[in-house]
Protein chains: 2
Amino acid sequence: MRHLKDFEFIEGVIRAGSIRKAAEDMNITASALNRRINRFEDEFGYEIFERLPRGVRLNPAGELLLHHIRAQSSDFARLRSQVSDLSGVRRGHVSIACSQALLPYFLPSEIARYRGEHPGVTFSVNARDRVAAERELSEFASDIALVFEPLTMVDFEVVHAMAQPIHAVMRADHPLAGQAEVRLRDALRFPHVAPSENFAVRVLLETAARRSSSMAVNPLVESESFDFMRHYGEWEDMISFQFPIGLDMTRKPDLVSRPLAVRDVAPGNLLLGQLRGRTLPVASARFMRELMTALQRLAA
Amino acid sequence: MRHLKDFEFIEGVIRAGSIRKAAEDMNITASALNRRINRFEDEFGYEIFERLPRGVRLNPAGELLLHHIRAQSSDFARLRSQVSDLSGVRRGHVSIACSQALLPYFLPSEIARYRGEHPGVTFSVNARDRVAAERELSEFASDIALVFEPLTMVDFEVVHAMAQPIHAVMRADHPLAGQAEVRLRDALRFPHVAPSENFAVRVLLETAARRSSSMAVNPLVESESFDFMRHYGEWEDMISFQFPIGLDMTRKPDLVSRPLAVRDVAPGNLLLGQLRGRTLPVASARFMRELMTALQRLAA
DNA sequence: CAAAGCGGTGCAAAAAACGCACCGCTCTGG
DNA sequence: CCAGAGCGGTGCGTTTTTTGCACCGCTTTG
């Protein structure tokens, strides 16, 4: 679209880090691109790039402008899909940033169900830790985030929250498998695997363990991949920790999961949210409502 | 700004109702303007105007586009003032749509206090009934609305609410002046003035009166101007009804105001709000926070 | 039924954007 | 230490886009 041309060029320059590189990427002369940038800065009244010997970089004003650009082009995309909805077609794209735990069962089933009703809607799903998920929202790279215990929360608008007690996952013949509820100190006495420090499960375990001098999280295997940890249990008998929404026990009859005692470990909060103040595209907004009801159904 | 040119032309056409008239208004040839519109519709992929024999009119897609245009240019204005804030200057403009009751005392004092601290900030204040105030918000014509009991509320995001019991205002020597609290049936037995049907005070009085067959609101003088009604009391001894925030009794020692009994008449809700989901310009956002604290101080 | 007002179009002129060649500068690697 | 590479910026001729003018077909109106 014509009126977004300048913005696209500016985004290109930001991406490339220099005008010349950006010009090459976008099939235009460096001089022409340079003039576009300069003209825009003139009209805008403020410089938006710092000129460095090796290229250009956004200054604070440019950062603000970048946010406007992203908000603007995202809203324009929303407008287009809204207009195309007028003619009856139900189309759109939903982009989601989520914790790993949602990847194996919860999101696939929800998305499949939704696409069954609206086959024109496409999805992109990316695993992101809680910091990256928030950043993606504020960069308009994702519409929806579904993460455990996000950190900064200033641009994160919580649409739905759900408490999830941590479960200990072990083989059906594990000594602790007979208990309906597992005490943390018991679980930590057995060999266990755990995710690394930037995952909510680990943080909750650590804070709980720190309350008592006798307990410590000492994973024999540590990984950033929940997928790896889940499969590792098939080879060596270990306890792993996971939120129940990431579990589908019906498919693994040789594994059992038991909740950790809530008085030992605080439950994690699964938060469904979007960028504060943003108007989501119709498809994303609808799917978010679906997720809300799905989570409520799960809690009941 | 270059990238808003098309949008400005489109707004001009909407305002003028025909391409030729708009072209004249904006110092451009009709043919050039016509081609701009057509080119935009081509690139956009949808027509936005219905072509009528006497001119053009927005179609539904155009209505959606218009909203995007207004949101977009308002957000761009916000961006500019935010960037200019970076260089230290505190500037900006705050536009307010409010009920008449706020005009004489509350808003003037609040605005004066705010401008004492930020002399670079300008204001526009317009009295609007509760329907018009909401429309102004959604057209980005006002940043902030402060009204009693708005109606539709779908685009109105309530930032602060405050209950205001209706007061009966009368001369100090009025028979009811001795009571700390006035019953509605007593007040209605005396000659009274009242605002017309599209004001919250009147609606609340009517609904309260309807609960009893023995009461009716029969104003001897009816007006849309609170200013008129306030001054009319100086000429003929009548009860008028008003929210306390619109009163400043210290300046009129010969007048007294007594609250109507809450068990007779429901208090009105004064609502401070903005367009749902909109990011206000810095100046407006700050002033809104000031209003919130002022209202809280008033309630205490 | 003619005149006025509307959106749309062909064409030439005017304006804007572009590509090319080149400048001055800083950093870097032999 | 110095030459070369890479950067942003500029002058100029050329290309592309936009505009203005004249005019068309159409509908409404007095």
# chains A, B, ... in the order shown; residues from 1 in each chain; ligands from 1
$ residues_around --residues "segment 7-11 of chain D" --least-positions-apart "2" --cutoff "7 Å" --atoms "only C-alpha atoms (C1' of nucleotides)" --output "JSON, numbers by chain"
{"A": [53, 54, 55]}
$ write_last_selection --atoms "C-alpha atoms" --output "mmCIF file, in the first residue's frame"
data_model
loop_
_atom_site.group_PDB
_atom_site.id
_atom_site.type_symbol
_atom_site.label_atom_id
_atom_site.label_comp_id
_atom_site.auth_asym_id
_atom_site.auth_seq_id
_atom_site.Cartn_x
_atom_site.Cartn_y
_atom_site.Cartn_z
ATOM 1 C CA PRO A 53 30.309 5.400 11.033
ATOM 2 C CA ARG A 54 29.159 1.850 10.274
ATOM 3 C CA GLY A 55 25.508 2.552 9.589
#
$ residues_around --residues "segment 6-18 of chain B" --least-positions-apart "6" --cutoff "8 Å" --atoms "only C-alpha atoms (C1' of nucleotides)" --output "list in words"
His3 of chain A; Asp25, Met26, Leu33, Arg36, Ile37, Phe40, Arg54, Gly55, Val56, Arg57, Leu58, Leu66 and Ile69 of chain B
$ closest_atom_pairs --of "chain C" --to "chain A" --cutoff "10 Å" --atoms "only C-alpha atoms (C1' of nucleotides)" --output "tab-separated table"
residue	atom	partner	partner_atom	distance
C:DA17	C1'	A:Ala32	CA	7.6
C:DC18	C1'	A:Ala32	CA	6.1
C:DG19	C1'	A:Thr29	CA	6.7
C:DC20	C1'	A:Thr29	CA	9.4
C:DC25	C1'	A:Pro53	CA	8.0
C:DT26	C1'	A:Pro53	CA	5.5
C:DC27	C1'	A:Pro53	CA	7.3
$ interface_residues --of "chain B" --to "chain A" --cutoff "6 Å" --atoms "only C-alpha atoms" --output "list in words"
His3, Ala61, Val83 and Gly277 of chain B
$ select_by_dssp --residues "segment 64-203 of chain A" --states "strand (DSSP E or B)" --output "ChimeraX atom specification"
/A:92-98,121-127,144-148,156-164,167-171,182,192-195
$ residues_around --residues "DA15 of chain C" --least-positions-apart "3" --cutoff "9 Å" --atoms "only C-alpha atoms (C1' of nucleotides)" --output "list in words"
DT17, DT18 and DT19 of chain D
$ atom_distance --atom1 "atom CA of Arg70 of chain B" --atom2 "atom CA of Pro281 of chain B"
14.0 Å
$ closest_residue --among "A:Arg91, A:His118, A:Arg20, A:His174" --to "chain D" --atoms "only C-alpha atoms (C1' of nucleotides)"
A:Arg20
$ residues_around --residues "segment 221-225 of chain A" --least-positions-apart "3" --cutoff "6 Å" --atoms "only C-alpha atoms (C1' of nucleotides)" --output "list in words"
Val193, Ala194, Pro195, Ser196 and Phe228 of chain A
$ write_last_selection --atoms "N, CA and C atoms" --output "PDB file, in the first residue's frame"
ATOM      1  N   VAL A 193      14.655 -34.638  36.777  1.00  0.00           N
ATOM      2  CA  VAL A 193      15.076 -33.710  35.729  1.00  0.00           C
ATOM      3  C   VAL A 193      14.306 -32.416  35.927  1.00  0.00           C
ATOM      4  N   ALA A 194      14.852 -31.334  35.424  1.00  0.00           N
ATOM      5  CA  ALA A 194      14.164 -30.047  35.583  1.00  0.00           C
ATOM      6  C   ALA A 194      14.550 -29.123  34.442  1.00  0.00           C
ATOM      7  N   PRO A 195      13.646 -28.242  34.089  1.00  0.00           N
ATOM      8  CA  PRO A 195      13.983 -27.256  33.053  1.00  0.00           C
ATOM      9  C   PRO A 195      14.962 -26.228  33.603  1.00  0.00           C
ATOM     10  N   SER A 196      15.572 -25.443  32.723  1.00  0.00           N
ATOM     11  CA  SER A 196      16.568 -24.468  33.176  1.00  0.00           C
ATOM     12  C   SER A 196      15.887 -23.252  33.804  1.00  0.00           C
ATOM     13  N   PHE A 228      12.327 -33.043  25.192  1.00  0.00           N
ATOM     14  CA  PHE A 228      13.452 -33.907  25.549  1.00  0.00           C
ATOM     15  C   PHE A 228      13.219 -34.552  26.911  1.00  0.00           C
TER      16      PHE A 228
END
$ closest_residue --among "A:Arg115, A:His231, A:His167, A:Arg128" --to "Ala141 of chain A" --atoms "only C-alpha atoms"
A:Arg128
$ closest_residue --among "D:DC1, D:DT15, D:DG30, D:DC21" --to "chain B" --atoms "only C-alpha atoms (C1' of nucleotides)"
D:DC21
$ select_by_dssp --residues "segment 67-152 of chain A" --states "alpha helix (DSSP H)" --output "PyMOL selection string"
chain A and resi 67-86+106-117+130-138
$ atom_distance --atom1 "atom CA of Met170 of chain B" --atom2 "atom CA of Pro104 of chain B"
18.1 Å
$ atom_distance --atom1 "atom CA of Phe148 of chain B" --atom2 "atom CA of Gly268 of chain B"
6.5 Å
$ residues_around --residues "Val256 of chain B" --least-positions-apart "4" --cutoff "7 Å" --atoms "only C-alpha atoms (C1' of nucleotides)" --output "VMD selection string"
chain B and resid 169 to 172 177 249
$ residues_around --residues "Phe199 of chain A" --least-positions-apart "4" --cutoff "8 Å" --atoms "only C-alpha atoms (C1' of nucleotides)" --output "PyMOL selection string"
chain A and resi 129-130+195+203
$ closest_residue --among "A:Ala101, A:Ala283, A:Ile19, A:Leu295" --to "DG6 of chain D" --atoms "only C-alpha atoms (C1' of nucleotides)"
A:Ile19
$ residues_around --residues "DG10 of chain C" --least-positions-apart "2" --cutoff "10 Å" --atoms "only C-alpha atoms (C1' of nucleotides)" --output "list in words"
DA12 of chain C; DA22 and DC23 of chain D
$ decode --residues "chain D" --atoms "C-alpha atoms (C1' of nucleotides)" --output "JSON list (two decimals), in the first residue's frame"
[["chain", "number", "residue", "atom", "x", "y", "z"],
["D", 1, "DC", "C1'", 50.54, 3.28, 9.19],
["D", 2, "DC", "C1'", 48.01, 3.56, 5.22],
["D", 3, "DA", "C1'", 45.07, 1.83, 1.59],
["D", 4, "DG", "C1'", 40.69, 0.09, 0.87],
["D", 5, "DA", "C1'", 36.11, -0.90, 2.14],
["D", 6, "DG", "C1'", 31.94, 0.72, 3.81],
["D", 7, "DC", "C1'", 29.15, 4.39, 5.33],
["D", 8, "DG", "C1'", 25.83, 8.66, 4.66],
["D", 9, "DG", "C1'", 25.13, 12.47, 1.65],
["D", 10, "DT", "C1'", 24.76, 15.33, -2.98],
["D", 11, "DG", "C1'", 24.50, 17.08, -8.03],
["D", 12, "DC", "C1'", 22.49, 16.00, -12.26],
["D", 13, "DG", "C1'", 20.18, 13.93, -16.11],
["D", 14, "DT", "C1'", 16.45, 10.58, -16.76],
["D", 15, "DT", "C1'", 12.34, 8.12, -15.73],
["D", 16, "DT", "C1'", 8.05, 7.68, -13.42],
["D", 17, "DT", "C1'", 4.19, 9.67, -11.23],
["D", 18, "DT", "C1'", 0.98, 13.20, -10.53],
["D", 19, "DT", "C1'", -1.54, 17.04, -11.98],
["D", 20, "DG", "C1'", -4.43, 20.31, -14.83],
["D", 21, "DC", "C1'", -7.25, 21.03, -18.76],
["D", 22, "DA", "C1'", -10.68, 19.82, -21.86],
["D", 23, "DC", "C1'", -14.23, 16.86, -22.61],
["D", 24, "DC", "C1'", -17.48, 12.62, -22.29],
["D", 25, "DG", "C1'", -21.68, 10.21, -20.63],
["D", 26, "DC", "C1'", -24.88, 10.30, -17.22],
["D", 27, "DT", "C1'", -28.73, 11.87, -13.97],
["D", 28, "DT", "C1'", -31.34, 15.33, -11.82],
["D", 29, "DT", "C1'", -33.76, 19.62, -11.84],
["D", 30, "DG", "C1'", -36.02, 23.91, -12.89]]
